[in-house]
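Here's target-v9.cif, which has mmCIF, C-alpha atoms:
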data_run
#
loop_
_atom_site.group_PDB
_atom_site.id
_atom_site.type_symbol
_atom_site.label_atom_id
_atom_site.label_comp_id
_atom_site.auth_asym_id
_atom_site.auth_seq_id
_atom_site.Cartn_x
_atom_site.Cartn_y
_atom_site.Cartn_z
ATOM 1 C CA GLU D 1 -26.055 -7.691 3.614
ATOM 2 C CA PRO D 2 -23.338 -8.878 3.790
ATOM 3 C CA PHE D 3 -23.951 -11.642 1.247
ATOM 4 C CA ASN D 4 -23.834 -9.210 -1.665
ATOM 5 C CA THR D 5 -20.207 -8.506 -0.774
ATOM 6 C CA LEU D 6 -19.434 -12.225 -0.827
ATOM 7 C CA LEU D 7 -21.205 -12.642 -4.167
ATOM 8 C CA GLN D 8 -19.019 -9.912 -5.678
ATOM 9 C CA VAL D 9 -15.976 -12.171 -5.141
ATOM 10 C CA TYR D 10 -17.178 -14.269 -8.105
ATOM 11 C CA TYR D 11 -17.078 -11.224 -10.385
ATOM 12 C CA ALA D 12 -13.715 -9.826 -9.286
ATOM 13 C CA ASP D 13 -10.954 -9.833 -11.885
ATOM 14 C CA GLU D 14 -7.920 -9.962 -9.616
ATOM 15 C CA GLU D 15 -7.186 -12.169 -6.624
ATOM 16 C CA THR D 16 -6.227 -9.089 -4.581
ATOM 17 C CA GLU D 17 -9.730 -7.709 -5.197
ATOM 18 C CA MET D 18 -11.213 -11.083 -4.207
ATOM 19 C CA LEU D 19 -9.268 -11.023 -0.940
ATOM 20 C CA ASP D 20 -10.344 -7.456 -0.236
ATOM 21 C CA LEU D 21 -13.993 -8.396 -0.735
ATOM 22 C CA LEU D 22 -13.598 -11.478 1.461
ATOM 23 C CA GLN D 23 -12.023 -9.394 4.220
ATOM 24 C CA ARG D 24 -14.891 -6.873 3.987
ATOM 25 C CA TYR D 25 -17.416 -9.719 4.117
ATOM 26 C CA LEU D 26 -15.799 -11.243 7.201
ATOM 27 C CA LYS D 27 -15.710 -7.871 8.922
ATOM 28 C CA LYS D 28 -19.496 -7.512 8.443
ATOM 29 C CA TRP D 29 -20.358 -11.151 9.108
ATOM 30 C CA TYR D 30 -20.863 -11.270 12.889
ATOM 31 C CA ARG D 31 -23.033 -8.168 13.124
ATOM 32 C CA ALA D 32 -25.132 -9.312 10.158
ATOM 33 C CA MET D 33 -25.725 -12.721 11.758
ATOM 34 C CA GLN D 34 -27.150 -11.316 14.994
ATOM 35 C CA ALA D 35 -30.616 -10.714 13.579
ATOM 36 C CA HIS D 36 -31.259 -13.854 11.572
ATOM 37 C CA PRO D 37 -29.946 -17.359 12.167
ATOM 38 C CA ARG D 38 -31.430 -19.655 14.764
ATOM 39 C CA TRP D 39 -27.961 -20.598 15.900
ATOM 40 C CA TYR D 40 -27.054 -17.095 17.035
ATOM 41 C CA ASN D 41 -26.396 -17.291 20.796
ATOM 42 C CA GLY D 42 -26.937 -21.035 20.483
ATOM 43 C CA HIS D 43 -24.036 -21.622 22.850
ATOM 44 C CA LEU D 44 -26.369 -20.304 25.550
ATOM 45 C CA LYS D 45 -28.957 -23.000 24.725
ATOM 46 C CA VAL D 46 -26.801 -26.140 24.940
ATOM 47 C CA SER D 47 -28.648 -28.586 27.181
ATOM 48 C CA ASP D 48 -27.660 -31.669 29.166
ATOM 49 C CA ASP D 49 -29.713 -33.894 26.840
ATOM 50 C CA GLY D 50 -27.414 -33.075 23.905
ATOM 51 C CA TYR D 51 -29.451 -30.360 22.194
ATOM 52 C CA ALA D 52 -27.033 -27.838 20.758
ATOM 53 C CA PRO D 53 -28.075 -25.465 17.981
ATOM 54 C CA TYR D 54 -24.510 -24.217 17.984
ATOM 55 C CA TYR D 55 -21.562 -25.365 15.905
ATOM 56 C CA GLY D 56 -19.352 -22.342 16.393
ATOM 57 C CA TYR D 57 -19.264 -18.927 14.855
ATOM 58 C CA TRP D 58 -17.813 -19.857 11.480
ATOM 59 C CA ALA D 59 -18.292 -18.193 8.100
ATOM 60 C CA PHE D 60 -18.560 -21.514 6.256
ATOM 61 C CA GLU D 61 -19.891 -19.781 3.147
ATOM 62 C CA ALA D 62 -16.719 -17.677 2.886
ATOM 63 C CA ALA D 63 -14.651 -20.851 3.203
ATOM 64 C CA ALA D 64 -16.710 -22.488 0.444
ATOM 65 C CA VAL D 65 -16.081 -19.539 -1.891
ATOM 66 C CA VAL D 66 -12.342 -19.659 -1.203
ATOM 67 C CA PHE D 67 -12.286 -23.418 -1.797
ATOM 68 C CA LEU D 68 -14.382 -23.357 -4.968
ATOM 69 C CA LEU D 69 -12.469 -20.467 -6.537
ATOM 70 C CA ASP D 70 -9.130 -21.834 -5.285
ATOM 71 C CA ILE D 71 -8.149 -18.498 -3.754
ATOM 72 C CA ASP D 72 -4.899 -18.223 -1.809
ATOM 73 C CA ASP D 73 -6.189 -17.446 1.690
ATOM 74 C CA SER D 74 -2.807 -17.120 3.382
ATOM 75 C CA LEU D 75 -3.458 -13.416 4.059
ATOM 76 C CA ILE D 76 -6.885 -13.973 5.612
ATOM 77 C CA GLU D 77 -6.675 -13.820 9.394
ATOM 78 C CA HIS D 78 -10.132 -13.442 10.870
ATOM 79 C CA LEU D 79 -11.681 -15.029 13.930
ATOM 80 C CA VAL D 80 -14.725 -16.456 12.076
ATOM 81 C CA TYR D 81 -12.878 -17.702 8.979
ATOM 82 C CA PRO D 82 -12.253 -21.492 9.205
ATOM 83 C CA LYS D 83 -8.836 -21.462 7.568
ATOM 84 C CA ASP D 84 -7.976 -24.991 8.748
ATOM 85 C CA LEU D 85 -11.120 -26.384 7.131
ATOM 86 C CA VAL D 86 -10.219 -24.801 3.774
ATOM 87 C CA ALA D 87 -6.637 -26.081 4.040
ATOM 88 C CA TYR D 88 -7.933 -29.603 4.704
ATOM 89 C CA GLY D 89 -10.297 -29.426 1.732
ATOM 90 C CA LYS D 90 -7.478 -28.241 -0.523
ATOM 91 C CA PHE D 91 -5.235 -31.014 0.810
ATOM 92 C CA LEU D 92 -7.874 -33.623 -0.053
ATOM 93 C CA ARG D 93 -8.328 -32.143 -3.531
ATOM 94 C CA ILE D 94 -4.571 -32.220 -4.230
ATOM 95 C CA ALA D 95 -4.304 -35.769 -2.874
ATOM 96 C CA GLY D 96 -7.185 -36.866 -5.101
ATOM 97 C CA LYS D 97 -9.241 -37.863 -2.090
ATOM 98 C CA ASP D 98 -12.082 -35.406 -2.521
ATOM 99 C CA THR D 99 -15.524 -36.713 -3.336
ATOM 100 C CA SER D 100 -18.179 -34.129 -4.108
ATOM 101 C CA ALA D 101 -15.845 -31.875 -6.108
ATOM 102 C CA SER D 102 -15.268 -34.700 -8.581
ATOM 103 C CA LEU D 103 -18.897 -35.732 -8.966
ATOM 104 C CA ARG D 104 -20.723 -34.640 -12.081
ATOM 105 C CA PRO D 105 -24.495 -34.761 -12.499
ATOM 106 C CA LYS D 106 -25.667 -37.349 -14.997
ATOM 107 C CA ALA D 107 -27.184 -36.082 -18.200
ATOM 108 C CA ILE D 108 -30.950 -36.391 -18.415
ATOM 109 C CA LYS D 109 -32.341 -37.613 -21.706
ATOM 110 C CA ILE D 110 -35.524 -35.937 -22.767
#
As structure tokens:
Amino acid sequence: EPFNTLLQVYYADEETEMLDLLQRYLKKWYRAMQAHPRWYNGHLKVSDDGYAPYYGYWAFEAAAVVFLLDIDDSLIEHLVYPKDLVAYGKFLRIAGKDTSASLRPKAIKI
């Protein structure tokens, strides 16, 4: 948990259901992260020599799902959801300036 909730977004039929699942995922995200990642409480470990296992409390995986499925995230307002990052990615895609989204793996001849 809560990744199963996020995975269900891929199987939802309606965008409203996708948004509901995303909101439920984001609501569970912070509590679920307390027990696992090395970055949790990383802001307390930032040192003078530049070591910082902390990049912010962001649900990047939720943003990736929204970007990849091209979901309208205008109704998502959650502290850990990086809405600006998704908007920038969508802007680059529309402007034709994206890179990895347009790359295709080369076929392997066997």
Q: Would you list the contacts of Asp20 (chain D) as a PyMOL selection string, taking every protein, DNA or RNA residue within 12 Å and counting only C-alpha atoms, but skipping same-chain residues closer than 4 positions in sequence?
A: chain D and resi 5-6+8-9+12-16+24-27+71+73+75-76
Written file, previous selection with C-alpha atoms, as an mmCIF file, in the frame of the given file:
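Written file, again_24.cif:
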data_model
loop_
_atom_site.group_PDB
_atom_site.id
_atom_site.type_symbol
_atom_site.label_atom_id
_atom_site.label_comp_id
_atom_site.auth_asym_id
_atom_site.auth_seq_id
_atom_site.Cartn_x
_atom_site.Cartn_y
_atom_site.Cartn_z
ATOM 1 C CA THR D 5 -20.207 -8.506 -0.774
ATOM 2 C CA LEU D 6 -19.434 -12.225 -0.827
ATOM 3 C CA GLN D 8 -19.019 -9.912 -5.678
ATOM 4 C CA VAL D 9 -15.976 -12.171 -5.141
ATOM 5 C CA ALA D 12 -13.715 -9.826 -9.286
ATOM 6 C CA ASP D 13 -10.954 -9.833 -11.885
ATOM 7 C CA GLU D 14 -7.920 -9.962 -9.616
ATOM 8 C CA GLU D 15 -7.186 -12.169 -6.624
ATOM 9 C CA THR D 16 -6.227 -9.089 -4.581
ATOM 10 C CA ARG D 24 -14.891 -6.873 3.987
ATOM 11 C CA TYR D 25 -17.416 -9.719 4.117
ATOM 12 C CA LEU D 26 -15.799 -11.243 7.201
ATOM 13 C CA LYS D 27 -15.710 -7.871 8.922
ATOM 14 C CA ILE D 71 -8.149 -18.498 -3.754
ATOM 15 C CA ASP D 73 -6.189 -17.446 1.690
ATOM 16 C CA LEU D 75 -3.458 -13.416 4.059
ATOM 17 C CA ILE D 76 -6.885 -13.973 5.612
#
Q) To one decimal place, how far is CA of Ile94 (chain D) from CA of Phe3 (chain D) in Å? A) 28.8 Å
Q.
Ranking D:Ala63, D:Leu68, D:Val80, D:Leu85 by minimum distance to Met33 (chain D) and counting only C-alpha atoms, which one comes first?
A. D:Val80
Q. To one decimal place, how far is CA of Leu92 (chain D) from CA of Leu7 (chain D) in Å?
A.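 Rounded to one decimal, the two atoms are 25.2 Å apart.
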Q. Can you tell me how far CA of Tyr30 (chain D) sits from CA of Tyr10 (chain D), in Å to one decimal?
A.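 It comes out at 21.5 Å.
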(Q) Please enumerate the residues selected by the PyMOL selection byres ((chain D and resi 79) around 9) when evaluated against the supplied file, formatted as a ChimeraX atom specification. (A) /D:26,57-58,77-78,80-82
Q.
Calculated over all atoms listed in the file, which of the candidates D:Asp48, D:Asp70, D:Glu61, D:Glu1 has the smallest distance to Arg93 (chain D)?
A.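 Using all atoms listed in the file, the shortest distance to Arg93 (chain D) belongs to D:Asp70.
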Q) Between D:Ala52, D:Met18, D:Val86, D:Val46, which one has atoms that come closest to Phe67 (chain D), using all atoms listed in the file? A)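 Of all the options, D:Val86 lies closest to Phe67 (chain D).
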Q. For Leu19 (chain D), which residue out of D:Phe91, D:Gly96, D:Ser47, D:Ser74 is the nearest one, using all atoms listed in the file?
A.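 Smallest distance to Leu19 (chain D) is found for D:Ser74.
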